2 protein chains.
Amino acid sequence: MKTTAQPMKTASMMNPDRVLNGVNVTKLKQTVEAIRSQPEIAQFKFRARNEWDNGGHNQATVHEFFGACQEMEHKQSFLMHADEPPVLLGEDNGANPVEYVLAGLSGCMTTTLVYHAASRGLKIEEVSSEYEGNIDLHGLLDLDPKIRSGYREIRVKFKVKGDPDEATIQELLRKSPVYDTLANPVRIKIEVEKV
Amino acid sequence: MKTTAQPMKTASMMNPDRVLNGVNVTKLKQTVEAIRSQPEIAQFKFRARNEWDNGGHNQATVHEFFGACQEMEHKQSFLMHADEPPVLLGEDNGANPVEYVLAGLSGCMTTTLVYHAASRGLKIEEVSSEYEGNIDLHGLLDLDPKIRSGYREIRVKFKVKGDPDEATIQELLRKSPVYDTLANPVRIKIEVEKV
């Protein structure tokens, strides 16, 4: 009988973290408790840089951020090429900026649904979603001052397989930070330096 | 004397398109005139799809869009992985969704500046910019109903080398569709289907 080959039982093996929907619910609850006792760890600052290439082509980089009271960085730099399609005088070197916004909205609504469902003990098996937003170029091109340059409306369709009912899904999706960022006004301060 | 080797002069060689800042200004002016005579070609619809992978990891795809009265598609599909960093219980498989929004804002403000400057005959030599936005997790985590889940404020710093003065740059940056999309409320309609 091989008994000496058994590893010591550790606390984490006897009480493994609970994971649901791929979310470590144990750590999620610990995060909530940590914020309750030390509110300042909830303050995050996210960042991006951008370098113009030519015409409609430019590159954004995301790497470092601030959170939980300290400077942090992602495991790698994320580089995102943006461009316009030929009909908008670009060369299609990347999705265009308004499409990046839809991609961000899609990621955020999906993650918010999955995390909040996990926190409530609701299992999610599959999630897919579609996004469509209307832009009227009269706005951007200064052809009509009454028409906004940005999205006039965005329509979202979710298909979800799992525990939560439709009303719960609708409720959870609206907790998304990007949903809130788009649905409600954000103060944006712009500094310009000539070099 | 080699005369027969010369190519025929074509109309486009005698009147080449004017290009400034990498933007085909001739085509830009033609687009504006085309919209003036046929306003419906200004109506664009941009789209994204998203498939959840696991936990905070999901993938957005951008490919087709509607513009100039017809269905169109990019030269290729653009795939965007989103994830959260470990401190937010993810595995850093991609930038996170709120960072995608900053990337979209950065691409849009840059392109808007470059295109509008070109349209006014103003040369741009270099553009770089930095973005930082504040998020307080008390909002997303339902810990304080008075705190929004999205960006509370976004700060932007532009460095520009070229013709336009600071005031003009400030004016042009605010024409950006993503700037408008974030600074002002957007109506978002959500449909949910249980499958």
# chains A, B, ... in the order shown; residues from 1 in each chain; ligands from 1

$ residues_around --residues "Glu99 (chain A)" --least-positions-apart "4" --cutoff "7 Å" --atoms "only C-alpha atoms" --output "compact mmCIF listing (two decimals) with C-alpha atoms, in the first residue's frame"
# COMPACT_ATOMS: atom_id res chain seq x y z
CA ALA A 95 -12.83 47.30 -37.45
CA ALA A 103 -17.77 44.95 -29.45
CA PHE B 46 -22.96 48.91 -37.89
CA ARG B 47 -23.08 45.46 -36.33
CA ALA B 48 -21.32 43.02 -34.06

$ residues_around --residues "Arg36 (chain A)" --least-positions-apart "2" --cutoff "12 Å" --atoms "only C-alpha atoms" --output "list in words"
Lys29, Gln30, Thr31, Val32, Glu33, Ala34, Gln38, Pro39, Glu40, Ile41 and Ala42 of chain A; Leu137, His138, Leu141, Asp142, Leu143 and Asp144 of chain B

$ select_by_dssp --residues "region 19-157 of chain A" --states "helix (DSSP H, G or I)" --output "mmCIF file with C-alpha atoms, in the first residue's frame"
data_model
loop_
_atom_site.group_PDB
_atom_site.id
_atom_site.type_symbol
_atom_site.label_atom_id
_atom_site.label_comp_id
_atom_site.auth_asym_id
_atom_site.auth_seq_id
_atom_site.Cartn_x
_atom_site.Cartn_y
_atom_site.Cartn_z
ATOM 1 C CA VAL A 25 -17.871 32.643 -6.969
ATOM 2 C CA THR A 26 -15.885 32.220 -3.764
ATOM 3 C CA LYS A 27 -13.428 34.908 -4.877
ATOM 4 C CA LEU A 28 -16.285 37.079 -6.173
ATOM 5 C CA LYS A 29 -17.957 37.041 -2.735
ATOM 6 C CA GLN A 30 -14.564 37.696 -1.097
ATOM 7 C CA THR A 31 -14.132 40.707 -3.393
ATOM 8 C CA VAL A 32 -17.538 42.074 -2.388
ATOM 9 C CA GLU A 33 -16.705 41.611 1.317
ATOM 10 C CA ALA A 34 -13.283 43.214 0.831
ATOM 11 C CA ILE A 35 -14.917 46.276 -0.773
ATOM 12 C CA ARG A 36 -17.435 46.518 2.072
ATOM 13 C CA SER A 37 -14.601 46.698 4.601
ATOM 14 C CA PRO A 39 -14.312 50.860 -0.037
ATOM 15 C CA GLU A 40 -11.318 52.427 -1.817
ATOM 16 C CA ILE A 41 -10.318 49.121 -3.448
ATOM 17 C CA ALA A 42 -13.400 49.512 -5.678
ATOM 18 C CA PRO A 86 -13.289 51.782 -48.485
ATOM 19 C CA VAL A 87 -16.824 53.280 -48.654
ATOM 20 C CA LEU A 88 -15.681 55.507 -45.756
ATOM 21 C CA PRO A 97 -14.184 52.801 -34.036
ATOM 22 C CA VAL A 98 -17.979 52.662 -33.751
ATOM 23 C CA GLU A 99 -17.761 48.891 -34.275
ATOM 24 C CA TYR A 100 -15.250 48.688 -31.394
ATOM 25 C CA VAL A 101 -17.903 50.298 -29.225
ATOM 26 C CA LEU A 102 -20.426 47.595 -30.165
ATOM 27 C CA ALA A 103 -17.775 44.946 -29.448
ATOM 28 C CA GLY A 104 -17.176 46.508 -26.022
ATOM 29 C CA LEU A 105 -20.911 46.629 -25.333
ATOM 30 C CA SER A 106 -21.238 42.973 -26.347
ATOM 31 C CA GLY A 107 -18.393 41.816 -24.113
ATOM 32 C CA CYS A 108 -19.648 43.816 -21.165
ATOM 33 C CA MET A 109 -23.295 42.758 -21.322
ATOM 34 C CA THR A 110 -22.218 39.122 -21.704
ATOM 35 C CA THR A 111 -19.770 39.203 -18.789
ATOM 36 C CA THR A 112 -22.170 41.115 -16.554
ATOM 37 C CA LEU A 113 -24.890 38.528 -17.178
ATOM 38 C CA VAL A 114 -22.536 35.606 -16.545
ATOM 39 C CA TYR A 115 -20.948 37.057 -13.368
ATOM 40 C CA HIS A 116 -24.214 38.198 -11.773
ATOM 41 C CA ALA A 117 -25.924 34.910 -12.608
ATOM 42 C CA ALA A 118 -23.011 33.042 -10.998
ATOM 43 C CA SER A 119 -23.278 35.244 -7.919
ATOM 44 C CA LEU A 137 -23.486 60.656 -41.613
ATOM 45 C CA HIS A 138 -25.312 63.985 -41.797
ATOM 46 C CA GLY A 139 -24.107 64.436 -38.217
ATOM 47 C CA LEU A 140 -20.391 63.696 -38.612
#

$ closest_residue --among "B:Asp17, B:Asp92, B:Glu171, B:Glu84" --to "Ile190 (chain A)" --atoms "only C-alpha atoms"
B:Glu171

$ select_by_dssp --residues "chain B" --states "strand (DSSP E or B)" --output "ChimeraX atom specification"
/B:19-20,23-24,43-54,57-67,70-82,124-136,153-162,187-194

$ atom_distance --atom1 "CA of Tyr131 (chain A)" --atom2 "CA of Arg49 (chain B)"
6.2 Å

$ atom_distance --atom1 "CA of Glu64 (chain A)" --atom2 "CA of Ser77 (chain A)"
8.2 Å

$ atom_distance --atom1 "CA of Gly55 (chain B)" --atom2 "CA of Asp163 (chain A)"
15.7 Å

$ closest_residue --among "A:Asn134, A:Gly162, A:Met72, A:Leu173" --to "chain B" --atoms "only C-alpha atoms"
A:Asn134

$ residues_around --residues "Arg148 (chain B)" --least-positions-apart "2" --cutoff "8 Å" --atoms "only C-alpha atoms" --output "ChimeraX atom specification"
/A:177,180 /B:136,139-140,145-146,150-152

$ write_last_selection --atoms "N, CA and C atoms" --output "PDB file, in the first residue's frame"
ATOM      1  N   PRO A 177     -21.512  47.868 -17.120  1.00  0.00           N
ATOM      2  CA  PRO A 177     -20.854  49.181 -17.160  1.00  0.00           C
ATOM      3  C   PRO A 177     -20.861  49.839 -18.546  1.00  0.00           C
ATOM      4  N   ASP A 180     -24.360  51.141 -19.291  1.00  0.00           N
ATOM      5  CA  ASP A 180     -24.567  52.407 -18.568  1.00  0.00           C
ATOM      6  C   ASP A 180     -23.790  53.545 -19.210  1.00  0.00           C
TER       7      ASP A 180
ATOM      8  N   ASP B 136     -16.128  52.844 -10.586  1.00  0.00           N
ATOM      9  CA  ASP B 136     -16.243  52.497  -9.165  1.00  0.00           C
ATOM     10  C   ASP B 136     -17.073  51.208  -9.085  1.00  0.00           C
ATOM     11  N   GLY B 139     -20.835  50.330  -8.146  1.00  0.00           N
ATOM     12  CA  GLY B 139     -21.980  50.341  -9.063  1.00  0.00           C
ATOM     13  C   GLY B 139     -22.277  48.958  -9.610  1.00  0.00           C
ATOM     14  N   LEU B 140     -21.306  48.364 -10.299  1.00  0.00           N
ATOM     15  CA  LEU B 140     -21.511  47.047 -10.917  1.00  0.00           C
ATOM     16  C   LEU B 140     -21.916  45.995  -9.890  1.00  0.00           C
ATOM     17  N   PRO B 145     -26.555  52.046  -4.675  1.00  0.00           N
ATOM     18  CA  PRO B 145     -27.437  52.376  -5.806  1.00  0.00           C
ATOM     19  C   PRO B 145     -27.197  53.778  -6.367  1.00  0.00           C
ATOM     20  N   LYS B 146     -26.492  54.648  -5.630  1.00  0.00           N
ATOM     21  CA  LYS B 146     -26.239  56.008  -6.127  1.00  0.00           C
ATOM     22  C   LYS B 146     -25.038  56.052  -7.078  1.00  0.00           C
ATOM     23  N   GLY B 150     -21.037  52.394 -14.977  1.00  0.00           N
ATOM     24  CA  GLY B 150     -20.130  52.734 -16.081  1.00  0.00           C
ATOM     25  C   GLY B 150     -19.109  53.790 -15.710  1.00  0.00           C
ATOM     26  N   TYR B 151     -18.484  54.355 -16.742  1.00  0.00           N
ATOM     27  CA  TYR B 151     -17.460  55.380 -16.523  1.00  0.00           C
ATOM     28  C   TYR B 151     -18.076  56.618 -15.876  1.00  0.00           C
ATOM     29  N   ARG B 152     -17.430  57.074 -14.799  1.00  0.00           N
ATOM     30  CA  ARG B 152     -17.879  58.303 -14.138  1.00  0.00           C
ATOM     31  C   ARG B 152     -17.298  59.514 -14.853  1.00  0.00           C
TER      32      ARG B 152
END

$ residues_around --residues "Lys159 (chain B)" --least-positions-apart "5" --cutoff "6 Å" --atoms "only C-alpha atoms" --output "compact mmCIF listing (two decimals) with C-alpha atoms, in the first residue's frame"
# COMPACT_ATOMS: atom_id res chain seq x y z
CA GLU A 193 -1.06 70.00 -26.74
CA LYS A 194 0.53 71.21 -29.97
CA VAL B 127 -1.23 62.48 -33.59
CA SER B 128 -1.02 60.54 -30.36

$ residues_around --residues "His57 (chain B)" --least-positions-apart "4" --cutoff "9 Å" --atoms "only C-alpha atoms" --output "list of chain:residue names"
A:Gly107, A:Thr111, B:Trp52, B:Asp53, B:His81, B:Ala82, B:Asp83, B:Glu84, B:Gly90, B:Glu91, B:Asp92, B:Asn93, B:Gly94, B:Asn96

$ residues_around --residues "Glu153 (chain B)" --least-positions-apart "3" --cutoff "9 Å" --atoms "only C-alpha atoms" --output "ChimeraX atom specification"
/A:186-189 /B:132-135
